[in-house]
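*Asks:* This is upload35.txt, which holds compact mmCIF, C-alpha atoms:
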# COMPACT_ATOMS: atom_id res chain seq x y z
CA MET A 1 109.09 148.64 116.05
CA HIS A 2 112.47 149.01 117.70
CA SER A 3 113.66 145.62 116.41
CA LEU A 4 112.50 146.57 112.92
CA TRP A 5 114.67 149.72 113.16
CA ILE A 6 117.64 147.56 114.21
CA GLU A 7 117.01 145.24 111.26
CA PHE A 8 116.87 148.27 108.96
CA LEU A 9 120.21 149.55 110.24
CA ASP A 10 121.76 146.10 109.85
CA HIS A 11 120.75 146.00 106.17
CA VAL A 12 120.93 149.69 105.31
CA ASN A 13 123.26 149.16 102.32
CA TYR A 14 120.97 146.56 100.77
CA ILE A 15 117.91 148.75 101.24
CA GLY A 16 119.81 151.72 99.82
CA ALA A 17 120.60 149.57 96.78
CA ALA A 18 116.89 148.74 96.43
CA CYS A 19 116.02 152.47 96.62
CA LEU A 20 118.64 153.29 93.96
CA PHE A 21 117.25 150.54 91.72
CA VAL A 22 113.72 151.92 92.01
CA VAL A 23 114.93 155.48 91.35
CA GLY A 24 116.73 154.27 88.20
CA LEU A 25 113.68 152.35 87.00
CA TYR A 26 111.48 155.42 87.59
CA THR A 27 113.92 157.52 85.55
CA VAL A 28 113.92 155.02 82.69
CA ILE A 29 110.12 154.80 82.57
CA THR A 30 109.05 158.43 83.05
CA HIS A 31 111.61 160.46 81.10
CA SER A 32 111.26 160.69 77.33
CA ASN A 33 114.77 162.09 76.83
CA LEU A 34 116.93 159.21 75.62
CA ILE A 35 120.09 160.36 77.42
CA LYS A 36 118.12 160.56 80.68
CA LYS A 37 116.95 157.00 80.05
CA ILE A 38 120.59 155.91 79.72
CA ILE A 39 121.40 157.76 82.96
CA GLY A 40 118.59 155.78 84.62
CA ILE A 41 120.04 152.50 83.36
CA ASN A 42 123.39 153.55 84.83
CA ILE A 43 121.76 154.28 88.20
CA MET A 44 120.24 150.77 88.19
CA GLU A 45 123.68 149.29 87.40
CA THR A 46 125.22 151.24 90.27
CA SER A 47 122.62 149.86 92.66
CA VAL A 48 123.55 146.31 91.73
CA PHE A 49 127.25 147.11 92.24
CA LEU A 50 126.47 148.58 95.67
CA LEU A 51 124.53 145.45 96.63
CA PHE A 52 127.36 143.11 95.58
CA VAL A 53 130.16 145.05 97.22
CA SER A 54 128.12 145.33 100.43
CA ILE A 55 127.69 141.55 100.45
CA GLY A 56 131.48 141.20 100.42
CA PHE A 57 132.02 143.40 103.49
CA VAL A 58 133.06 141.74 106.76
CA SER A 59 133.08 144.00 109.80
CA GLY A 60 136.43 144.47 111.50
CA ALA A 61 138.36 143.03 108.54
CA LYS A 62 141.17 144.56 106.53
CA PRO A 63 141.09 145.21 102.77
CA PRO A 64 142.30 142.14 100.84
CA ILE A 65 145.87 143.33 100.29
CA LEU A 66 148.43 141.11 101.95
CA ALA A 67 151.27 142.76 103.84
CA VAL A 68 154.84 141.56 103.31
CA GLY A 69 156.18 139.57 106.23
CA GLU A 70 152.80 139.49 107.96
CA PRO A 71 151.07 136.21 107.12
CA GLY A 72 147.45 135.58 107.92
CA GLY A 73 145.05 138.24 109.06
CA PHE A 74 141.34 138.74 108.66
CA PHE A 75 140.35 140.07 105.27
CA VAL A 76 137.23 141.28 103.48
CA ASN A 77 135.73 138.92 100.90
CA PRO A 78 137.67 139.70 97.67
CA LEU A 79 135.41 137.78 95.26
CA PRO A 80 132.47 140.25 94.91
CA SER A 81 134.90 143.12 94.26
CA ALA A 82 136.60 141.14 91.49
CA LEU A 83 133.24 140.23 89.91
CA ILE A 84 132.03 143.83 90.08
CA LEU A 85 135.16 145.05 88.29
CA THR A 86 134.02 142.90 85.35
CA GLY A 87 130.47 144.21 85.77
CA ILE A 88 131.61 147.83 85.54
CA VAL A 89 133.28 147.10 82.19
CA VAL A 90 130.11 145.52 80.85
CA GLY A 91 128.12 148.55 82.03
CA VAL A 92 130.47 150.92 80.23
CA ALA A 93 130.12 148.84 77.05
CA ILE A 94 126.31 149.05 77.21
CA THR A 95 126.39 152.80 77.92
CA VAL A 96 128.73 153.49 75.01
CA TYR A 97 126.57 151.55 72.57
CA GLY A 98 123.40 153.31 73.76
CA LEU A 99 124.98 156.75 73.47
CA SER A 100 126.23 156.00 69.95
CA MET A 101 122.70 155.03 68.94
CA VAL A 102 121.41 158.27 70.47
CA ILE A 103 123.86 160.18 68.27
CA GLN A 104 122.53 158.43 65.16
CA ILE A 105 118.92 159.09 66.23
CA HIS A 106 119.74 162.78 66.67
CA LYS A 107 121.26 162.88 63.20
CA GLU A 108 118.17 161.26 61.70
CA TYR A 109 115.35 163.05 63.56
CA GLY A 110 116.99 166.20 64.93
CA THR A 111 115.74 165.44 68.43
CA ILE A 112 116.32 162.93 71.21
CA GLU A 113 112.89 163.28 72.84
CA LEU A 114 111.07 159.98 72.39
CA ASP A 115 107.55 161.47 72.12
CA GLU A 116 108.66 163.88 69.36
CA ILE A 117 110.24 160.95 67.49
CA VAL A 118 106.97 159.02 67.72
CA GLU A 119 105.05 162.08 66.43
CA THR A 120 107.42 162.37 63.46
CA GLU A 121 106.99 158.68 62.64
CA LYS A 122 103.18 159.02 62.77
CA GLU A 123 103.28 162.02 60.42
CA ILE A 124 105.48 160.13 57.95
CA LYS A 125 103.10 157.17 57.99
CA THR A 126 99.99 159.28 57.40
CA GLN A 127 101.70 161.06 54.47
CA ILE A 128 102.56 157.73 52.88
CA PHE A 129 98.96 156.47 53.23
CA ARG A 130 97.60 159.72 51.76
CA LYS A 131 99.87 159.34 48.71
CA GLN A 132 98.71 155.74 48.23
CA ASP A 133 95.07 156.88 48.30
CA ASP A 134 95.77 159.55 45.66
CA THR A 135 97.45 157.09 43.31
CA SER A 136 94.69 154.48 43.72
CA HIS A 137 92.00 157.04 42.71
CA VAL A 138 93.87 157.88 39.56
CA MET B 1 96.31 158.18 86.71
CA LYS B 2 99.07 156.44 84.78
CA HIS B 3 101.67 158.17 86.94
CA ALA B 4 99.93 157.14 90.19
CA PHE B 5 99.78 153.53 89.00
CA LEU B 6 103.50 153.65 88.19
CA ILE B 7 104.36 155.04 91.63
CA VAL B 8 102.26 152.37 93.38
CA THR B 9 103.95 149.63 91.33
CA LEU B 10 107.44 150.94 92.07
CA ALA B 11 106.62 151.30 95.79
CA GLY B 12 105.45 147.70 95.80
CA LEU B 13 108.70 146.64 94.12
CA LEU B 14 110.68 148.58 96.74
CA ILE B 15 108.76 146.95 99.60
CA VAL B 16 109.25 143.44 98.19
CA MET B 17 112.98 144.02 97.62
CA SER B 18 113.48 145.56 101.07
CA TYR B 19 111.61 142.70 102.75
CA SER B 20 113.73 140.08 100.99
CA PHE B 21 116.94 141.97 101.75
CA ILE B 22 116.05 142.11 105.46
CA GLN B 23 115.96 138.29 105.45
CA MET B 24 119.65 138.24 104.45
CA PRO B 25 122.44 138.08 107.07
CA ALA B 26 123.40 141.50 108.42
CA ILE B 27 126.08 143.59 106.72
CA GLY B 28 129.54 142.56 107.85
CA SER B 29 128.55 139.22 109.37
CA GLU B 30 131.04 136.41 108.90
CA GLU B 31 128.25 133.84 108.46
CA HIS B 32 127.23 135.31 105.13
CA PRO B 33 127.02 132.46 102.57
CA ALA B 34 129.09 134.52 100.13
CA PHE B 35 132.07 134.37 102.52
CA ASN B 36 132.64 130.67 101.88
CA GLU B 37 135.59 128.37 101.28
CA VAL B 38 136.27 129.79 97.80
CA SER B 39 137.08 133.23 99.19
CA GLN B 40 139.03 131.66 102.03
CA TYR B 41 141.07 129.66 99.51
CA TYR B 42 141.90 132.79 97.54
CA LEU B 43 142.88 134.69 100.69
CA GLN B 44 145.08 131.90 102.07
CA ARG B 45 146.77 130.65 98.91
CA THR B 46 147.38 133.90 97.00
CA ALA B 47 150.85 134.51 98.43
CA GLN B 48 152.24 131.02 97.78
CA ASP B 49 150.41 130.47 94.47
CA THR B 50 151.21 133.73 92.73
CA ASN B 51 153.71 135.72 94.84
CA ALA B 52 151.43 138.74 94.57
CA LEU B 53 149.90 140.87 97.31
CA ASN B 54 146.65 142.29 95.96
CA VAL B 55 144.09 139.49 96.17
CA VAL B 56 141.50 141.19 93.94
CA ALA B 57 144.06 141.77 91.18
CA VAL B 58 145.24 138.17 91.51
CA ILE B 59 141.68 136.86 91.15
CA ILE B 60 141.09 138.95 88.04
CA THR B 61 144.39 138.38 86.26
CA ASP B 62 145.44 134.95 87.48
CA TYR B 63 142.78 132.67 88.96
CA ARG B 64 140.04 133.91 86.64
CA ALA B 65 142.14 135.13 83.72
CA LEU B 66 139.84 133.40 81.22
CA ASP B 67 136.99 135.48 82.64
CA THR B 68 139.02 138.60 82.00
CA LEU B 69 139.66 137.44 78.44
CA GLY B 70 135.89 137.25 77.98
CA GLU B 71 135.63 140.75 79.42
CA ALA B 72 138.11 141.99 76.82
CA THR B 73 135.96 140.28 74.18
CA VAL B 74 132.94 142.19 75.48
CA LEU B 75 134.88 145.45 75.20
CA PHE B 76 136.02 144.60 71.66
CA THR B 77 132.47 143.71 70.61
CA SER B 78 131.22 146.98 72.07
CA VAL B 79 133.85 149.00 70.20
CA ALA B 80 133.02 147.15 66.97
CA ALA B 81 129.30 147.83 67.45
CA VAL B 82 129.90 151.53 68.13
CA LEU B 83 132.09 151.83 65.06
CA SER B 84 129.50 150.06 62.92
CA VAL B 85 126.85 152.50 64.14
CA LEU B 86 128.86 155.72 63.94
CA VAL B 87 131.62 155.42 61.35
CA VAL B 88 130.36 153.08 58.66
CA ALA B 89 128.45 155.07 56.06
CA HIS B 90 124.71 154.48 55.97
CA PRO B 91 123.59 155.37 52.45
CA LYS B 92 120.09 156.87 52.48
CA PRO B 93 117.75 154.66 50.45
CA ASN B 94 116.38 156.06 47.25
CA LYS B 95 113.16 157.95 47.91
CA LYS B 96 111.16 156.20 45.19
CA MET B 97 112.42 152.80 46.38
CA ASP B 98 111.45 153.75 49.91
CA GLU B 99 107.86 154.49 48.94
CA GLU B 100 107.59 151.27 47.01
CA ASN B 101 108.83 149.33 50.00
CA HIS B 102 106.20 150.90 52.20
CA GLY B 103 103.41 150.27 49.73
As structure tokens, how would this structure be written, given the file I've shared?
*Replies:*
Amino acid sequence: MHSLWIEFLDHVNYIGAACLFVVGLYTVITHSNLIKKIIGINIMETSVFLLFVSIGFVSGAKPPILAVGEPGGFFVNPLPSALILTGIVVGVAITVYGLSMVIQIHKEYGTIELDEIVETEKEIKTQIFRKQDDTSHV
Amino acid sequence: MKHAFLIVTLAGLLIVMSYSFIQMPAIGSEEHPAFNEVSQYYLQRTAQDTNALNVVAVIITDYRALDTLGEATVLFTSVAAVLSVLVVAHPKPNKKMDEENHG
């Protein structure tokens, strides 16, 4: 039990990233509000960023900024940070596109609750079928 | 019932992820496979290759500049998609036409 606790503390960032991922997935699945779904997707993204940046950490090392006139030194892994900078931009792009679609959905339906949108669609479909029945009788 | 099933599934996912993360090298260990010769090369050669100090900025804008160009393409595509959704006029289809299409 004690060794398991030590293992947990040695990987606490990774396990925190896993918890964040699950929280984001729960938000995406359970909430019917579209903006809350997008917030959940952002939480999942953030968990992946946390995982990557934690992988790059080296204990006792300096941040990867070289000092003038001081060659060498022991630095943190710079590659995951550089990759995650790209990942953040991609996440912003996805968020912006999702939010713009939410705006259009709100214009069209007057609501951003997914269950209300589904109800509206069902009503429209039943009305169309009823009209078809009327015309076929005549 | 549905909610309980969801919570059990997500707890299982959390357990699987935590178990696989515990198999990884500890945080801050130098033996992590990500801290390999590529990162060492960037750290050692940045000063003489590029005369810059910030290694992360050098990786983004110099060593992997083509990657950053692709990133700019992603941003441009996103802006174009947002404009096509928001700004471009979507004419509402004629109501009679709409009913015919459904029928």
*Asks:* Give me the residues of chain A that have any atom at most 6 Å from an atom of chain B; for each, the nearest atom pair and the distance in Å, rounded to one decimal. Use only C-alpha atoms, sort by chain and number, and format it as JSON lines.
*Replies:*
{"residue": "A:Asp10", "atom": "CA", "partner": "B:Ala26", "partner_atom": "CA", "distance": 5.1}
{"residue": "A:His11", "atom": "CA", "partner": "B:Ala26", "partner_atom": "CA", "distance": 5.7}
{"residue": "A:Ile15", "atom": "CA", "partner": "B:Ser18", "partner_atom": "CA", "distance": 5.5}
{"residue": "A:Phe57", "atom": "CA", "partner": "B:Gly28", "partner_atom": "CA", "distance": 5.1}
{"residue": "A:Val58", "atom": "CA", "partner": "B:Gly28", "partner_atom": "CA", "distance": 3.8}
{"residue": "A:Ser59", "atom": "CA", "partner": "B:Gly28", "partner_atom": "CA", "distance": 4.3}
{"residue": "A:Pro64", "atom": "CA", "partner": "B:Val55", "partner_atom": "CA", "distance": 5.7}
{"residue": "A:Ile65", "atom": "CA", "partner": "B:Asn54", "partner_atom": "CA", "distance": 4.5}
{"residue": "A:Leu66", "atom": "CA", "partner": "B:Leu53", "partner_atom": "CA", "distance": 4.9}
{"residue": "A:Pro78", "atom": "CA", "partner": "B:Val56", "partner_atom": "CA", "distance": 5.5}
{"residue": "A:Ala82", "atom": "CA", "partner": "B:Val56", "partner_atom": "CA", "distance": 5.5}
{"residue": "A:Ala93", "atom": "CA", "partner": "B:Ser78", "partner_atom": "CA", "distance": 5.4}
{"residue": "A:Tyr97", "atom": "CA", "partner": "B:Val82", "partner_atom": "CA", "distance": 5.6}
*Asks:* Tell me, in Å to one decimal, how far atom CA of A:Ser100 is from atom CA of A:Leu34.
*Replies:*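 Atom CA of A:Ser100 sits 11.4 Å away from atom CA of A:Leu34.
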*Asks:* I want to know what sits within 8 Å of A:Tyr14, based on all atoms listed in the file, with residues of the same chain fewer than 2 positions away left out; could you give that as a compact mmCIF listing (two decimals) with C-alpha atoms, keeping the file's coordinate frame?
*Replies:*
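Below is the file part16.txt, written as the result:
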# COMPACT_ATOMS: atom_id res chain seq x y z
CA HIS A 11 120.75 146.00 106.17
CA VAL A 12 120.93 149.69 105.31
CA GLY A 16 119.81 151.72 99.82
CA ALA A 17 120.60 149.57 96.78
CA ALA A 18 116.89 148.74 96.43
CA LEU A 50 126.47 148.58 95.67
CA LEU A 51 124.53 145.45 96.63
CA SER A 54 128.12 145.33 100.43
CA SER B 18 113.48 145.56 101.07
CA PHE B 21 116.94 141.97 101.75
*Asks:* Calculated over all atoms listed in the file, which of the candidates A:Val90, A:Val76, A:Ile117, A:Cys19 has the smallest distance to B:Thr73?
*Replies:*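 Comparing A:Val90, A:Val76, A:Ile117, A:Cys19 against B:Thr73, the winner is A:Val90.
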*Asks:* Which value, in Å to one decimal, gives the distance between atom CA of B:Met1 and atom CA of A:Thr27?
*Replies:*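 Those two atoms sit 17.7 Å apart.
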*Asks:* Neighbourhood query: residues within 6 Å of (142.1, 142.8, 107.7), file coordinates, counting only C-alpha atoms; return as a ChimeraX atom specification.
*Replies:* /A:61-63,73-75
*Asks:* For a test of reading the model, state the distance in Å between atom CA of A:Thr126 and atom CA of A:Ile112, rounded to one decimal.
*Replies:* 21.7 Å
